[in-house]
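Asker: Dumping the structure here so I can ask a few things about it.
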Amino acid sequence: MATSHEKGTFFALSYEAKYSDTPAFKFFVIANAIVTVYAFLVLFIPSESQLWGLVLALDLVFTMLLISSISAALAVAQVGKKGNSSAGWLPVCGQVTKYCNQVTGALVAGFIAIITYIILLLYSIYTFLNPLLGKNG
Amino acid sequence: MKKSSSLDALARSRRSKKWVLLTVRVIAFLATATATLVMALNKETKTLVVAMVGSTPIKVTLTAKFQHTPAFVFFVIANGMASFHNLMMIMVELFGQKLDYKGLRLAMIAILDMVTSTVALISGGASAATFMAEVGKNGNSHARWNKICDKFETYCDRGGVAIIASSAGLILMLIITAMSIFKLLNKPNSVSS
């Protein structure tokens with residue numbers, strides 16, 4: 001289970017736009033930071049320890065956290081890029097191009113992290129539940 | 001004598017657990033279906049006075065529909081799919097005793113479906129809709145996005161109700177997942193049900 005994890009956090013700073021302007025991006029940064037720390041700690045658990053059951057449950061919770069954080073960040077970033085004509089919200093990406101590019105990069109990294117985590121979650125479930133099903137299968 | 005009575009008690013408790021699981025699933029289905037419907041029918045039309053020319057006010061009719069925002073469209077679709085999945089699982093539990101092809105596999109599929117449906121769909125949809133609603137409610141001064149909730153109160157209120165219903169559905173789906181996993185873990189020790 002010692003696969004490599006990949007997470008994406010970002011601290012986009014420019015003179016006009018910071019990541020903390022939107023709660024959605026703040027949520028994205030915090031969620032990814034938490035998951036990074038958790039993944040780093042999990043790497044050090046020796047195999048055949050009793051903790052792997054807890055790791056499975058926490059994997060599920062953190063996958064959910066990651067998915068919801070990237071969904072929120074994507075929603076707000078989409079408004080920033082295309083605007084919303086019905087609400088009178090103008091797209092912001094024209095003025096702060098570098099910020100937008102960095103945010104896009106961070107979202108891509110987050111997406112890769114999610115795919116990695118889903119594969120990890122499926123593998124954990126398969127490994128954990130297979131011995132139990134093998135007897136009656 | 002004692003063995004058969006204890007087996008009876010075990011069977012009875014398992015049957016009552018089955019009904020509890022089914023009830024929770026029905027409630028979760030209602031929650032996600034409510035969220036879908038409330039958000040899908042979310043529409044408000046308002047006539048605003050934009051400017052005055054001489055003494056006649058120019059009125060503009062604005063409509064707030066959920067289709068304007070991709071996040072809400074995703075919310076409706078995600079909750080719709082989750083409700084459909086819940087309905088399928090309820091049907092399978094009620095009528096699926098015939099297709100008991102390795103009864104354990106059924107529970108396994110149910111769990112995997114729940115993980116996918118709960119983890120990805122509902123949480124993603126609820127989160128995106130929540131943050132879009134937050135922008136609509138508070139605006140964003142850095143991006144010069146004005147808040148719209150003060151003009152379209154009913155729209156905002158209904159959206160809020162839909163998001164709360166979806167979050168309740170999410171919590172219930174998590175409970176269902178936990179109960180199903182416990183059911184799976186206890187199966188090897190008892191006769192097949």
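FYI, nothing fancy with the structure tokens labels: chains A, B, ... in order, residues from 1 per chain, ligands from 1 as they appear.
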Between chain A and chain B, at 9 Å or less, what are the per-residue closest atom pairs and their distances in Å? Count only C-alpha atoms, order by chain and rising residue number, and return it as a tab-separated table.
Answerer:
residue	atom	partner	partner_atom	distance
A:Glu16	CA	B:His142	CA	8.2
A:Ala17	CA	B:His142	CA	7.5
A:Asp21	CA	B:His142	CA	6.7
A:Thr22	CA	B:Asn140	CA	7.4
A:Pro23	CA	B:Phe131	CA	7.6
A:Ala24	CA	B:Phe131	CA	6.1
A:Leu60	CA	B:Val119	CA	7.6
A:Val61	CA	B:Val119	CA	8.2
A:Thr63	CA	B:Val119	CA	7.2
A:Met64	CA	B:Val119	CA	5.0
A:Leu65	CA	B:Ser123	CA	8.1
A:Ile67	CA	B:Gly124	CA	5.8
A:Ser68	CA	B:Gly124	CA	4.5
A:Ser69	CA	B:Ser127	CA	7.2
A:Ile70	CA	B:Gly124	CA	8.0
A:Ser71	CA	B:Ala128	CA	5.3
A:Ala72	CA	B:Ala128	CA	4.1
A:Ala73	CA	B:Ala128	CA	7.6
A:Leu74	CA	B:Ala128	CA	7.8
A:Ala75	CA	B:Ala128	CA	5.7
A:Val76	CA	B:Met132	CA	6.6
A:Gln78	CA	B:Pro70	CA	8.5
A:Val79	CA	B:Thr69	CA	8.5
A:Gly80	CA	B:Ala143	CA	8.1
A:Asn84	CA	B:Thr69	CA	7.4
A:Ser85	CA	B:His68	CA	8.4
A:Ser86	CA	B:His68	CA	6.6
A:Ala87	CA	B:Ile148	CA	7.1
A:Gly88	CA	B:Trp145	CA	7.4
A:Trp89	CA	B:Trp145	CA	5.1
A:Leu90	CA	B:Trp145	CA	7.3
A:Pro91	CA	B:Ala143	CA	8.3
A:Val92	CA	B:Ala143	CA	6.4
A:Leu122	CA	B:Leu112	CA	8.5
A:Ile125	CA	B:Leu112	CA	8.9
A:Leu129	CA	B:Leu185	CA	8.4
A:Leu132	CA	B:Pro188	CA	7.2
A:Leu133	CA	B:Leu104	CA	7.3
A:Lys135	CA	B:Pro188	CA	7.5
A:Asn136	CA	B:Pro188	CA	7.0
A:Gly137	CA	B:Lys102	CA	6.6
Asker: Have a look at CA of Met89 in chain B and CA of Leu22 in chain B and let me know their distance in Å, one decimal.
Answerer: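 Computing the Euclidean distance for CA of Met89 in chain B and CA of Leu22 in chain B yields 9.2 Å.
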Asker: Between CA of Ile34 in chain A and CA of Val108 in chain A, what is the distance in Å, rounded to a tenth?
Answerer: 18.1 Å
Asker: Identify, on the basis of only C-alpha atoms, every residue whose closest approach to Asp59 in chain A does not exceed 10 Å; exclude the query and any residue fewer than 6 positions from it along the same chain; express the result as a list in words.
Answerer: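 My reading of the contact set: Val35, Tyr38, Ala39, Gly53, Leu65, Tyr117, Ile118, Leu120, Leu121, Leu122, Ser124 and Ile125 of chain A.
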Asker: List as a PyMOL selection string the protein and nucleic acid residues near range 31-39 of chain B, meaning an atom at most 9 Å away when only C-alpha atoms are counted, but skip any in the same chain fewer than 3 places from it.
Answerer: chain B and resi 26-28+42-43+66+72-73+75-80+82-84+86+122+158-159+161-170+172
Asker: Per DSSP on the backbone, filter range 2-191 of chain B down to the residues in alpha helix (DSSP H) and report them as a ChimeraX atom specification.
Answerer: /B:2-40,70-95,103-114,123-138,153-186
Asker: Find the residue from A:Leu56, A:Ser20, A:Leu66, A:Lys26 that sits nearest to Phe111 in chain A; use only C-alpha atoms when measuring.
Answerer: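 Checking each of A:Leu56, A:Ser20, A:Leu66, A:Lys26 against Phe111 in chain A, counting only C-alpha atoms, the winner is A:Leu66.
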